[in-house]
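J.: Supplied structure: final11.pdb, PDB, C-alpha atoms.
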```pdb
ATOM      1  CA  MET A   1      44.167  10.192 -52.873
ATOM      2  CA  GLU A   2      40.672   9.833 -51.651
ATOM      3  CA  GLU A   3      39.393  12.720 -49.535
ATOM      4  CA  MET A   4      38.017  11.890 -46.089
ATOM      5  CA  GLN A   5      34.285  12.636 -45.982
ATOM      6  CA  PRO A   6      32.775  13.681 -42.648
ATOM      7  CA  ARG A   7      30.254  11.052 -41.512
ATOM      8  CA  ALA A   8      26.677  12.290 -41.787
ATOM      9  CA  PRO A   9      24.998  12.619 -38.380
ATOM     10  CA  HIS A  10      22.365  10.029 -37.551
ATOM     11  CA  PRO A  11      18.916  11.356 -38.276
ATOM     12  CA  LEU A  12      16.685  12.384 -35.401
ATOM     13  CA  HIS A  13      13.359  10.633 -34.907
ATOM     14  CA  PRO A  14      10.654  13.311 -34.403
ATOM     15  CA  GLY A  15       7.825  10.909 -35.246
ATOM     16  CA  ARG A  16       8.953   8.379 -32.644
ATOM     17  CA  ALA A  17       9.404  11.192 -30.117
ATOM     18  CA  ALA A  18       5.840  12.429 -30.631
ATOM     19  CA  LEU A  19       4.445   8.899 -30.274
ATOM     20  CA  SER A  20       6.552   8.305 -27.193
ATOM     21  CA  GLY A  21       5.277  11.563 -25.677
ATOM     22  CA  VAL A  22       1.641  10.594 -26.252
ATOM     23  CA  LYS A  23       2.194   7.109 -24.802
ATOM     24  CA  GLY A  24       4.031   8.501 -21.775
ATOM     25  CA  ALA A  25       1.355  11.146 -21.140
ATOM     26  CA  LEU A  26      -1.373   8.502 -21.220
ATOM     27  CA  LEU A  27       0.468   5.958 -19.093
ATOM     28  CA  PHE A  28       2.160   8.190 -16.522
ATOM     29  CA  LEU A  29      -0.207  11.171 -16.321
ATOM     30  CA  ALA A  30      -3.750  10.647 -17.633
ATOM     31  CA  LEU A  31      -4.394   7.103 -16.419
ATOM     32  CA  PRO A  32      -2.996   7.485 -12.852
ATOM     33  CA  LEU A  33      -4.686  10.899 -12.400
ATOM     34  CA  ALA A  34      -7.982   9.424 -13.616
ATOM     35  CA  LEU A  35      -7.638   6.537 -11.152
ATOM     36  CA  ILE A  36      -6.926   8.945  -8.293
ATOM     37  CA  ALA A  37      -9.944  11.059  -9.302
ATOM     38  CA  ILE A  38     -12.252   8.009  -9.533
ATOM     39  CA  PHE A  39     -11.014   6.668  -6.195
ATOM     40  CA  SER A  40     -11.410  10.070  -4.517
ATOM     41  CA  THR A  41     -14.940  10.463  -5.916
ATOM     42  CA  LEU A  42     -15.929   6.986  -4.702
ATOM     43  CA  ILE A  43     -14.650   7.758  -1.217
ATOM     44  CA  ALA A  44     -16.256  11.201  -1.119
ATOM     45  CA  SER A  45     -19.597   9.706  -2.229
ATOM     46  CA  GLN A  46     -19.584   7.637   0.961
ATOM     47  CA  ASN A  47     -19.093  10.792   3.057
ATOM     48  CA  ILE A  48     -15.625   9.674   4.105
ATOM     49  CA  PRO A  49     -13.304  12.625   4.734
ATOM     50  CA  LEU A  50     -10.415  12.452   2.311
ATOM     51  CA  ASN A  51      -6.918  12.363   3.634
ATOM     52  CA  THR A  52      -4.440  14.632   1.908
ATOM     53  CA  SER A  53      -2.351  11.606   0.837
ATOM     54  CA  PHE A  54      -4.431  11.389  -2.359
ATOM     55  CA  SER A  55      -3.961  14.978  -3.434
ATOM     56  CA  SER A  56      -0.230  14.858  -2.652
ATOM     57  CA  ALA A  57       0.007  11.660  -4.739
ATOM     58  CA  GLY A  58      -1.564  13.661  -7.568
ATOM     59  CA  ASN A  59       1.193  16.272  -7.202
ATOM     60  CA  ASP A  60       3.862  13.536  -7.426
ATOM     61  CA  ILE A  61       2.187  12.055 -10.489
ATOM     62  CA  ILE A  62       2.235  15.435 -12.256
ATOM     63  CA  ALA A  63       5.826  16.309 -11.239
ATOM     64  CA  ILE A  64       7.555  12.966 -11.840
ATOM     65  CA  GLY A  65       5.214  11.929 -14.677
ATOM     66  CA  THR A  66       5.969  15.125 -16.615
ATOM     67  CA  SER A  67       9.713  14.548 -16.238
ATOM     68  CA  ILE A  68       9.252  10.969 -17.532
ATOM     69  CA  VAL A  69       7.315  12.239 -20.565
ATOM     70  CA  ILE A  70      10.026  14.811 -21.366
ATOM     71  CA  LEU A  71      12.867  12.277 -20.919
ATOM     72  CA  SER A  72      10.947   9.739 -22.962
ATOM     73  CA  MET A  73      10.441  12.190 -25.841
ATOM     74  CA  LEU A  74      14.052  13.357 -25.803
ATOM     75  CA  SER A  75      15.465   9.816 -25.714
ATOM     76  CA  SER A  76      13.185   8.777 -28.592
ATOM     77  CA  LEU A  77      14.163  11.887 -30.555
ATOM     78  CA  MET A  78      17.868  11.123 -30.181
ATOM     79  CA  GLY A  79      17.464   7.412 -30.876
ATOM     80  CA  VAL A  80      19.076   4.725 -28.772
ATOM     81  CA  GLU A  81      21.956   4.423 -31.268
ATOM     82  CA  ARG A  82      23.407   7.636 -29.826
ATOM     83  CA  MET A  83      25.154   7.458 -26.477
ATOM     84  CA  SER A  84      23.221  10.540 -25.352
ATOM     85  CA  GLY A  85      19.963   8.830 -26.351
ATOM     86  CA  LEU A  86      20.900   5.770 -24.319
ATOM     87  CA  ALA A  87      21.778   7.975 -21.328
ATOM     88  CA  LEU A  88      18.398   9.702 -21.612
ATOM     89  CA  ARG A  89      16.665   6.312 -21.801
ATOM     90  CA  ALA A  90      18.488   5.249 -18.625
ATOM     91  CA  ALA A  91      17.433   8.497 -16.927
ATOM     92  CA  ARG A  92      13.822   7.826 -17.966
ATOM     93  CA  GLN A  93      13.925   4.315 -16.509
ATOM     94  CA  MET A  94      15.334   5.687 -13.256
ATOM     95  CA  ALA A  95      12.604   8.353 -13.142
ATOM     96  CA  SER A  96      10.034   5.559 -13.686
ATOM     97  CA  ALA A  97      11.487   3.665 -10.705
ATOM     98  CA  VAL A  98      11.212   6.783  -8.515
ATOM     99  CA  TYR A  99       7.656   7.285  -9.799
ATOM    100  CA  ALA A 100       6.651   3.714  -8.815
ATOM    101  CA  VAL A 101       7.944   4.089  -5.270
ATOM    102  CA  ALA A 102       6.592   7.624  -4.817
ATOM    103  CA  VAL A 103       3.077   6.874  -6.080
ATOM    104  CA  ALA A 104       2.406   3.160  -5.518
ATOM    105  CA  GLY A 105       4.660   2.735  -2.495
ATOM    106  CA  ARG A 106       3.437   5.628  -0.390
ATOM    107  CA  GLY A 107       1.170   5.051   2.575
ATOM    108  CA  TYR A 108      -2.438   6.067   2.022
ATOM    109  CA  SER A 109      -4.868   6.568   4.829
ATOM    110  CA  LEU A 110      -8.593   6.953   5.089
ATOM    111  CA  ILE A 111     -10.480   8.351   8.028
ATOM    112  CA  VAL A 112     -13.580   6.213   7.765
ATOM    113  CA  ASP A 113     -15.293   8.066  10.578
ATOM    114  CA  GLY A 114     -14.254   9.955  13.659
ATOM    115  CA  ASN A 115     -13.264   6.754  15.449
ATOM    116  CA  LEU A 116     -12.037   4.549  12.640
ATOM    117  CA  SER A 117      -9.136   5.009  10.263
ATOM    118  CA  LEU A 118      -7.464   2.733   7.743
ATOM    119  CA  SER A 119      -3.930   3.046   6.378
ATOM    120  CA  PHE A 120      -2.449   0.882   3.685
ATOM    121  CA  SER A 121       0.670   0.608   1.580
ATOM    122  CA  LEU A 122       1.693  -1.346  -1.512
ATOM    123  CA  LEU A 123       5.414  -0.807  -1.002
ATOM    124  CA  PRO A 124       6.563  -4.355  -1.988
ATOM    125  CA  ILE A 125       4.647  -4.069  -5.278
ATOM    126  CA  ALA A 126       6.094  -0.612  -5.843
ATOM    127  CA  LEU A 127       9.625  -1.946  -5.254
ATOM    128  CA  ALA A 128       9.026  -4.766  -7.765
ATOM    129  CA  MET A 129       7.780  -2.212 -10.308
ATOM    130  CA  ALA A 130      10.825  -0.031  -9.632
ATOM    131  CA  ALA A 131      13.170  -3.015 -10.101
ATOM    132  CA  LEU A 132      11.521  -3.873 -13.423
ATOM    133  CA  SER A 133      11.862  -0.248 -14.525
ATOM    134  CA  LEU A 134      15.592  -0.276 -13.747
ATOM    135  CA  LEU A 135      16.043  -3.638 -15.505
ATOM    136  CA  GLY A 136      14.507  -2.002 -18.580
ATOM    137  CA  ILE A 137      17.907  -0.396 -19.151
ATOM    138  CA  ILE A 138      19.397  -3.800 -20.123
ATOM    139  CA  PRO A 139      17.460  -4.320 -23.411
ATOM    140  CA  ALA A 140      18.225  -0.692 -24.287
ATOM    141  CA  VAL A 141      21.963  -1.347 -23.850
ATOM    142  CA  PHE A 142      21.745  -4.404 -26.149
ATOM    143  CA  GLU A 143      19.708  -2.373 -28.653
ATOM    144  CA  HIS A 144      22.366   0.332 -28.576
ATOM    145  CA  ALA A 145      25.105  -2.258 -29.249
ATOM    146  CA  GLU A 146      23.062  -3.845 -32.045
ATOM    147  CA  LYS A 147      22.435  -0.517 -33.789
ATOM    148  CA  ARG A 148      26.098   0.483 -33.466
ATOM    149  CA  GLU A 149      27.027  -2.842 -35.128
ATOM    150  CA  ASN A 150      24.615  -2.134 -37.987
ATOM    151  CA  ILE A 151      25.931   1.420 -38.455
ATOM    152  CA  HIS A 152      29.517   0.207 -38.734
TER     153      HIS A 152
ATOM    154  CA  MET B   1      22.265 -13.629 -35.322
ATOM    155  CA  SER B   2      24.618 -11.252 -33.482
ATOM    156  CA  ALA B   3      25.216 -11.477 -29.761
ATOM    157  CA  ALA B   4      23.764  -7.995 -29.261
ATOM    158  CA  ARG B   5      20.566  -8.934 -31.093
ATOM    159  CA  SER B   6      20.225 -12.191 -29.133
ATOM    160  CA  GLY B   7      20.822 -10.328 -25.891
ATOM    161  CA  ARG B   8      18.224  -7.692 -26.754
ATOM    162  CA  ILE B   9      15.606 -10.329 -27.631
ATOM    163  CA  ALA B  10      16.321 -12.475 -24.549
ATOM    164  CA  SER B  11      16.368  -9.597 -22.055
ATOM    165  CA  GLY B  12      13.337  -7.950 -23.667
ATOM    166  CA  THR B  13      11.358 -11.200 -23.551
ATOM    167  CA  LEU B  14      12.263 -11.884 -19.912
ATOM    168  CA  LEU B  15      11.384  -8.339 -18.950
ATOM    169  CA  GLY B  16       8.075  -8.536 -20.821
ATOM    170  CA  ILE B  17       7.086 -11.814 -19.144
ATOM    171  CA  SER B  18       8.051 -10.466 -15.699
ATOM    172  CA  THR B  19       6.003  -7.317 -16.296
ATOM    173  CA  ILE B  20       2.930  -9.317 -17.365
ATOM    174  CA  ILE B  21       3.198 -11.571 -14.288
ATOM    175  CA  LEU B  22       3.490  -8.527 -12.007
ATOM    176  CA  LEU B  23       0.505  -6.827 -13.673
ATOM    177  CA  LEU B  24      -1.643  -9.967 -13.305
ATOM    178  CA  PHE B  25      -0.613 -10.202  -9.647
ATOM    179  CA  ILE B  26      -1.565  -6.541  -9.074
ATOM    180  CA  VAL B  27      -4.944  -6.998 -10.780
ATOM    181  CA  SER B  28      -5.671 -10.122  -8.706
ATOM    182  CA  ILE B  29      -4.989  -8.079  -5.558
ATOM    183  CA  VAL B  30      -6.657  -4.799  -6.421
ATOM    184  CA  LEU B  31      -9.861  -6.165  -7.975
ATOM    185  CA  PRO B  32     -11.201  -7.970  -4.844
ATOM    186  CA  LEU B  33     -10.078  -5.040  -2.665
ATOM    187  CA  ALA B  34     -11.910  -2.518  -4.855
ATOM    188  CA  GLN B  35     -15.025  -4.710  -4.812
ATOM    189  CA  GLY B  36     -14.994  -4.776  -0.998
ATOM    190  CA  LYS B  37     -14.484  -8.525  -0.908
ATOM    191  CA  VAL B  38     -11.571  -8.294   1.529
ATOM    192  CA  THR B  39     -12.410  -6.431   4.720
ATOM    193  CA  VAL B  40     -11.363  -6.384   8.358
ATOM    194  CA  SER B  41     -13.673  -4.669  10.809
ATOM    195  CA  VAL B  42     -13.742  -4.126  14.538
ATOM    196  CA  PRO B  43     -16.688  -3.886  16.933
ATOM    197  CA  LYS B  44     -18.483  -0.562  16.919
ATOM    198  CA  SER B  45     -19.246   1.268  20.143
ATOM    199  CA  GLY B  46     -21.216  -1.000  22.425
ATOM    200  CA  GLY B  47     -19.868  -4.093  20.696
ATOM    201  CA  PHE B  48     -17.861  -5.125  23.728
ATOM    202  CA  THR B  49     -18.871  -7.127  26.719
ATOM    203  CA  GLU B  50     -17.043  -7.544  29.967
ATOM    204  CA  SER B  51     -16.479 -10.378  32.336
ATOM    205  CA  LEU B  52     -14.820 -10.169  35.693
ATOM    206  CA  THR B  53     -12.646 -12.381  37.815
ATOM    207  CA  PRO B  54     -11.339 -11.332  41.246
ATOM    208  CA  GLN B  55      -8.196  -9.783  39.783
ATOM    209  CA  THR B  56      -8.977  -9.172  36.142
ATOM    210  CA  VAL B  57     -11.646  -7.673  33.971
ATOM    211  CA  PHE B  58     -11.893  -9.123  30.476
ATOM    212  CA  ILE B  59     -13.044  -6.897  27.640
ATOM    213  CA  ASN B  60     -14.468  -9.225  25.033
ATOM    214  CA  GLY B  61     -15.254  -8.580  21.405
ATOM    215  CA  SER B  62     -14.491 -10.007  18.010
ATOM    216  CA  VAL B  63     -12.749  -8.943  14.845
ATOM    217  CA  SER B  64     -14.752  -9.644  11.718
ATOM    218  CA  VAL B  65     -12.717 -10.705   8.695
ATOM    219  CA  SER B  66     -14.145 -11.257   5.248
ATOM    220  CA  ASN B  67     -11.719 -12.692   2.738
ATOM    221  CA  LEU B  68     -13.291 -13.461  -0.614
ATOM    222  CA  GLY B  69     -10.079 -12.663  -2.471
ATOM    223  CA  TYR B  70      -7.369 -14.989  -3.734
ATOM    224  CA  TYR B  71      -4.731 -14.661  -1.018
ATOM    225  CA  ALA B  72      -4.536 -15.064   2.761
ATOM    226  CA  ILE B  73      -4.687 -12.234   5.262
ATOM    227  CA  SER B  74      -1.752 -12.865   7.555
ATOM    228  CA  GLY B  75       0.407 -11.255  10.208
ATOM    229  CA  LEU B  76      -2.642  -9.991  12.082
ATOM    230  CA  THR B  77      -1.744  -8.372  15.381
ATOM    231  CA  LEU B  78      -4.048  -6.525  17.689
ATOM    232  CA  ASN B  79      -2.843  -3.853  20.053
ATOM    233  CA  ALA B  80      -5.199  -2.535  22.703
ATOM    234  CA  LEU B  81      -4.540   0.546  24.777
ATOM    235  CA  LEU B  82      -6.672   1.579  27.704
ATOM    236  CA  LEU B  83      -6.439   5.282  28.299
ATOM    237  CA  SER B  84      -7.577   7.286  31.275
ATOM    238  CA  SER B  85      -9.613  10.448  30.925
ATOM    239  CA  ASN B  86      -6.409  12.524  30.996
ATOM    240  CA  GLY B  87      -4.916  10.456  28.168
ATOM    241  CA  SER B  88      -2.381   8.449  30.166
ATOM    242  CA  THR B  89      -1.955   4.773  29.319
ATOM    243  CA  LEU B  90      -3.492   2.490  31.903
ATOM    244  CA  PHE B  91      -2.834  -0.779  30.119
ATOM    245  CA  ASN B  92      -1.153  -1.953  26.940
ATOM    246  CA  TYR B  93      -1.936  -5.355  25.448
ATOM    247  CA  THR B  94      -0.804  -6.986  22.206
ATOM    248  CA  THR B  95      -1.863 -10.316  20.772
ATOM    249  CA  THR B  96      -1.588 -12.086  17.452
ATOM    250  CA  LEU B  97      -4.578 -13.345  15.526
ATOM    251  CA  PRO B  98      -4.628 -16.360  13.199
ATOM    252  CA  ALA B  99      -4.224 -15.971   9.452
ATOM    253  CA  VAL B 100      -7.460 -15.954   7.459
ATOM    254  CA  ARG B 101      -7.439 -17.904   4.214
ATOM    255  CA  PRO B 102      -9.871 -17.146   1.398
ATOM    256  CA  GLY B 103     -13.311 -18.404   2.316
ATOM    257  CA  PRO B 104     -16.489 -17.412   4.127
ATOM    258  CA  PRO B 105     -16.366 -14.516   6.632
ATOM    259  CA  VAL B 106     -15.042 -15.397  10.073
ATOM    260  CA  LEU B 107     -15.208 -13.841  13.514
ATOM    261  CA  LEU B 108     -11.968 -13.875  15.473
ATOM    262  CA  PRO B 109     -12.736 -13.646  19.186
ATOM    263  CA  VAL B 110     -10.655 -11.205  21.179
ATOM    264  CA  SER B 111     -10.435 -11.102  24.943
ATOM    265  CA  ILE B 112      -8.381  -8.339  26.520
ATOM    266  CA  PRO B 113      -7.400  -9.216  30.096
ATOM    267  CA  VAL B 114      -7.081  -6.011  32.095
ATOM    268  CA  PRO B 115      -5.730  -6.416  35.649
ATOM    269  CA  LEU B 116      -7.808  -4.447  38.109
ATOM    270  CA  SER B 117      -4.589  -2.986  39.439
ATOM    271  CA  ALA B 118      -4.127  -1.272  36.055
ATOM    272  CA  LEU B 119      -7.455   0.459  36.508
ATOM    273  CA  TYR B 120      -7.381   1.213  40.220
ATOM    274  CA  GLY B 121      -3.701   1.079  41.198
ATOM    275  CA  ALA B 122      -1.824  -1.342  43.407
ATOM    276  CA  HIS B 123      -4.467  -1.172  46.117
ATOM    277  CA  PRO B 124      -7.886  -1.308  44.511
ATOM    278  CA  PRO B 125     -10.692   0.158  46.589
ATOM    279  CA  ALA B 126     -12.952  -2.260  48.388
ATOM    280  CA  GLN B 127     -15.664  -1.389  45.918
ATOM    281  CA  PRO B 128     -14.964   0.102  42.473
ATOM    282  CA  PRO B 129     -17.004   3.039  41.241
ATOM    283  CA  PRO B 130     -20.419   1.833  40.036
ATOM    284  CA  ARG B 131     -19.549   2.772  36.459
ATOM    285  CA  SER B 132     -16.173   3.876  35.204
ATOM    286  CA  SER B 133     -15.343   4.728  31.652
ATOM    287  CA  VAL B 134     -12.033   4.244  29.903
ATOM    288  CA  ALA B 135     -10.996   4.975  26.345
ATOM    289  CA  LEU B 136     -10.169   1.865  24.381
ATOM    290  CA  SER B 137      -7.837   2.302  21.426
ATOM    291  CA  LEU B 138      -7.519  -0.708  19.133
ATOM    292  CA  THR B 139      -4.939  -1.007  16.370
ATOM    293  CA  ILE B 140      -4.926  -3.971  14.010
ATOM    294  CA  ASN B 141      -1.966  -4.506  11.726
ATOM    295  CA  GLY B 142      -1.900  -7.089   8.987
ATOM    296  CA  SER B 143      -0.855  -7.912   5.493
ATOM    297  CA  TYR B 144      -2.491  -9.373   2.437
ATOM    298  CA  ALA B 145      -1.241 -11.280  -0.612
ATOM    299  CA  LEU B 146       2.230 -12.422   0.480
ATOM    300  CA  SER B 147       2.729  -9.113   2.329
ATOM    301  CA  ALA B 148       2.298  -7.151  -0.918
ATOM    302  CA  VAL B 149      -0.276  -4.981   0.855
ATOM    303  CA  THR B 150       0.135  -3.942   4.466
ATOM    304  CA  PHE B 151      -2.623  -2.230   6.392
ATOM    305  CA  THR B 152      -3.335  -0.659   9.748
ATOM    306  CA  LEU B 153      -6.818  -0.289  11.131
ATOM    307  CA  HIS B 154      -7.225   2.073  14.045
ATOM    308  CA  PHE B 155     -10.336   2.269  16.147
ATOM    309  CA  SER B 156     -11.104   4.118  19.341
ATOM    310  CA  SER B 157     -14.100   3.922  21.588
ATOM    311  CA  ILE B 158     -15.232   4.664  25.105
ATOM    312  CA  VAL B 159     -15.904   1.545  27.129
ATOM    313  CA  GLN B 160     -18.085   1.724  30.177
ATOM    314  CA  LEU B 161     -16.878  -0.685  32.810
ATOM    315  CA  SER B 162     -19.510  -1.603  35.337
ATOM    316  CA  ALA B 163     -18.594  -4.334  37.710
ATOM    317  CA  THR B 164     -18.467  -5.343  41.285
ATOM    318  CA  TYR B 165     -15.670  -7.221  42.913
ATOM    319  CA  GLY B 166     -15.834 -10.838  43.793
ATOM    320  CA  GLY B 167     -15.974 -14.093  41.928
ATOM    321  CA  GLY B 168     -18.971 -14.407  39.656
ATOM    322  CA  ALA B 169     -19.607 -10.704  39.467
ATOM    323  CA  GLN B 170     -20.853  -9.415  36.155
ATOM    324  CA  GLY B 171     -20.285  -6.503  33.916
ATOM    325  CA  ALA B 172     -22.096  -4.877  31.042
ATOM    326  CA  ALA B 173     -20.974  -2.822  28.112
TER     327      ALA B 173
END
```
For the file at hand, write its structure as C-alpha cells.
T.:
Amino acid sequence: MEEMQPRAPHPLHPGRAALSGVKGALLFLALPLALIAIFSTLIASQNIPLNTSFSSAGNDIIAIGTSIVILSMLSSLMGVERMSGLALRAARQMASAVYAVAVAGRGYSLIVDGNLSLSFSLLPIALAMAALSLLGIIPAVFEHAEKRENIH
Amino acid sequence: MSAARSGRIASGTLLGISTIILLLFIVSIVLPLAQGKVTVSVPKSGGFTESLTPQTVFINGSVSVSNLGYYAISGLTLNALLLSSNGSTLFNYTTTLPAVRPGPPVLLPVSIPVPLSALYGAHPPAQPPPRSSVALSLTINGSYALSAVTFTLHFSSIVQLSATYGGGAQGAA
C-alpha cells in the first residue's frame, strides 16, 4: 500500500516581491510626489500662494501609496496561485482605485491673487482610472484558475 | 488552449488597451493645460464699463478664452453677485456662455443688467449719489475635454458706479 505523501507547499516568490515593491514605489510614491513637488515649485515661482490641497494630496499619496506597495509585495510573494495571494491582489487593486479617486479626483484650488482663485477637478478621469484598477482583478482571477489547472 | 488561459489573455489585452487609451487621453488633456494653452480669464479691476437706461445699469465686460488644446471648453456659466458694503447681496445674475472650440483666442462679451431698484430700493432717489461703489463677485464654471476636467474661476472686484438718471446718461468705470 502506497503511503500518502503530504503535498509540498508552493514556493514563495521573494524575487518577484522585491521587483513588485520597487515598481510600486516608483509608480505610486516617487513619481506622483515628484509631480506634486514640480507643480508646487512652478506655482511658488510665480508668487502664487499655495493652497493646502497640494500638501494634503502628498499625505494621501504617502499613506495610500505605501499600503499599495506593501499589498503588492505581499501578493507577489504569495503568488497568485494561492487563494491568499489572489485576495491580496484584489485588495491591492481596490487600494489603487481608492488612490486614484483620492489623489486625481480631489478638487485642487489656486489663489492666483487676492481677488482671483481657480479650482479644478479631474474626478471623471479619476473614476475611469479607479474602474480600470478594479477590472484588473479579472485577469488575476483567470491567472489563478490557469495556475491551479497547471498544478493539478 | 485552456479556457482560463484564453480568459486571462483576452481580459489582460482588453485591460491593457483601455489603460493605454486612458493614458493617451490624460496626456492630451494635461499637456496643453500645463503649457498654458487653455486659459479662461476675467477682466481685471477697471476692466468694466457701464451703460445706463432709465431703469437699468449695465455692467459690461468680456471673458477672455484661449483654447489651443484639443477639446472644447463647454458648460460655461457666469454668476455675478453685487454686494453692498456690509456684504449683503444686492443682485444675483446668472447667464450661460457659448462653448469655445479649439482655435484662436476669443472674447465673450458679458453684460450684467442691474435694475436700479436693486441698488437703490423700490423708490430710487431722484438723483443717485455721484459715485457709488459696489463689490462685484464673478464666478465662472466650466468644463473641458468632455467634462473630464471641471473648473471654477472666482474673481472679485470693486466697481465704481457713476451715473445720472435719465435716458442717454453715461457711466464710467
J.: What do you get, as a list in words, if you spell out every residue that the PyMOL selection byres ((chain A and resi 93-104) around 7) selects here?
T.: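 Evaluating the PyMOL selection byres ((chain A and resi 93-104) around 7) on these coordinates yields Ala57, Asp60, Ile61, Ile64, Ile68, Arg89, Ala90, Ala91, Arg92, Gly105, Arg106, Leu122, Leu123, Ala126, Leu127, Met129, Ala130, Ala131, Ser133, Leu134, Gly136 and Ile137 of chain A.
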J.: Take CA of Lys23 (chain A) and CA of Ser75 (chain A) and report the distance between them in Å, one decimal.
T.: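 Straight-line distance from CA of Lys23 (chain A) to CA of Ser75 (chain A) works out to 13.6 Å.
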J.: Any idea what the distance is between CA of Ala148 (chain B) and CA of Ile125 (chain A)?
T.: 5.8 Å
J.: Could you list, as a PyMOL selection string, the residues of chain B having an atom within 10 Å of chain A when counting all atoms listed in the file?
T.: chain B and resi 2-16+18-19+22-23+25-26+34+40-42+44-45+137-144+146-157
J.: What does the distance between CA of Gly58 (chain A) and CA of Ala25 (chain A) come to in Å, to one decimal place?
T.: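 So the answer is 14.1 Å.
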J.: Mind listing as number ranges by chain all residues within 12 Å of (-5.3, -15.9, 22.5), counting all atoms listed in the file?
T.: B: 60, 62, 77-78, 93-98, 108-113
J.: Quick one: which residues end up in the PyMOL selection byres ((chain A and resi 15) around 12) for this structure, as number ranges by chain?
T.: A: 11-14, 16-22, 73-74, 76-79
J.: Using 4 Å of padding on each side, determine the axis-aligned box around all atoms of region 59-64 of chain B present in the file and give its centre and edge lengths in Å to one decimal, as lines of an AutoDock Vina configuration file.
T.:
```
center_x = -14.0
center_y = -8.5
center_z = 19.7
size_x = 10.5
size_y = 11.1
size_z = 23.9
```
J.: Extract, using all atoms listed in the file, all DNA, RNA and protein residues at most 10 Å from Ala118 (chain B), discarding same-chain residues fewer than 6 positions from it, and format them as a tab-separated table (two decimals) with C-alpha atoms, in the frame of the given file.
T.:
```tsv
chain	number	residue	atom	x	y	z
B	56	THR	CA	-8.98	-9.17	36.14
B	82	LEU	CA	-6.67	1.58	27.70
B	89	THR	CA	-1.96	4.77	29.32
B	90	LEU	CA	-3.49	2.49	31.90
B	91	PHE	CA	-2.83	-0.78	30.12
B	92	ASN	CA	-1.15	-1.95	26.94
B	124	PRO	CA	-7.89	-1.31	44.51
```
J.: So which one's closest to Leu81 (chain B), B:Leu33, B:Gly121, B:Val114, B:Glu50? Using only C-alpha atoms, please.
T.: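 Using only C-alpha atoms, Leu81 (chain B) sits closest to B:Val114.
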J.: Keeping C-alpha atoms, write region 56-100 of chain B of the structure just shown out as an mmCIF file, in the first residue's frame.
T.:
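Written output follows (out-v3.cif):
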```cif
data_model
loop_
_atom_site.group_PDB
_atom_site.id
_atom_site.type_symbol
_atom_site.label_atom_id
_atom_site.label_comp_id
_atom_site.auth_asym_id
_atom_site.auth_seq_id
_atom_site.Cartn_x
_atom_site.Cartn_y
_atom_site.Cartn_z
ATOM 1 C CA THR B 56 -31.204 99.542 -15.505
ATOM 2 C CA VAL B 57 -27.478 99.935 -15.300
ATOM 3 C CA PHE B 58 -25.477 97.520 -17.430
ATOM 4 C CA ILE B 59 -22.055 96.422 -16.243
ATOM 5 C CA ASN B 60 -20.175 95.409 -19.356
ATOM 6 C CA GLY B 61 -17.008 93.397 -19.703
ATOM 7 C CA SER B 62 -15.731 90.351 -21.503
ATOM 8 C CA VAL B 63 -14.396 86.937 -20.642
ATOM 9 C CA SER B 64 -11.226 86.050 -22.500
ATOM 10 C CA VAL B 65 -10.910 82.408 -23.517
ATOM 11 C CA SER B 66 -7.854 80.900 -25.135
ATOM 12 C CA ASN B 67 -8.268 77.331 -26.288
ATOM 13 C CA LEU B 68 -5.255 75.980 -28.132
ATOM 14 C CA GLY B 69 -5.853 72.463 -26.836
ATOM 15 C CA TYR B 70 -7.595 69.535 -28.493
ATOM 16 C CA TYR B 71 -11.037 69.663 -26.885
ATOM 17 C CA ALA B 72 -13.831 72.209 -26.449
ATOM 18 C CA ILE B 73 -14.430 74.273 -23.339
ATOM 19 C CA SER B 74 -18.114 73.833 -22.630
ATOM 20 C CA GLY B 75 -20.757 74.326 -19.972
ATOM 21 C CA LEU B 76 -19.566 77.864 -19.284
ATOM 22 C CA THR B 77 -21.806 79.697 -16.849
ATOM 23 C CA LEU B 78 -21.196 83.063 -15.315
ATOM 24 C CA ASN B 79 -22.651 84.074 -11.993
ATOM 25 C CA ALA B 80 -22.417 87.689 -10.901
ATOM 26 C CA LEU B 81 -23.177 88.898 -7.409
ATOM 27 C CA LEU B 82 -23.375 92.538 -6.465
ATOM 28 C CA LEU B 83 -22.650 93.021 -2.809
ATOM 29 C CA SER B 84 -23.201 96.063 -0.661
ATOM 30 C CA SER B 85 -20.536 97.416 1.648
ATOM 31 C CA ASN B 86 -21.979 95.361 4.525
ATOM 32 C CA GLY B 87 -21.783 92.176 2.448
ATOM 33 C CA SER B 88 -25.481 91.723 1.694
ATOM 34 C CA THR B 89 -26.461 90.602 -1.798
ATOM 35 C CA LEU B 90 -27.964 93.385 -3.858
ATOM 36 C CA PHE B 91 -28.330 91.456 -7.090
ATOM 37 C CA ASN B 92 -27.715 87.941 -8.347
ATOM 38 C CA TYR B 93 -27.375 87.216 -12.058
ATOM 39 C CA THR B 94 -26.513 84.011 -13.912
ATOM 40 C CA THR B 95 -26.004 83.524 -17.623
ATOM 41 C CA THR B 96 -24.574 80.851 -19.868
ATOM 42 C CA LEU B 97 -21.750 81.477 -22.290
ATOM 43 C CA PRO B 98 -21.200 79.667 -25.596
ATOM 44 C CA ALA B 99 -18.825 76.728 -25.868
ATOM 45 C CA VAL B 100 -15.355 77.553 -27.178
#
```
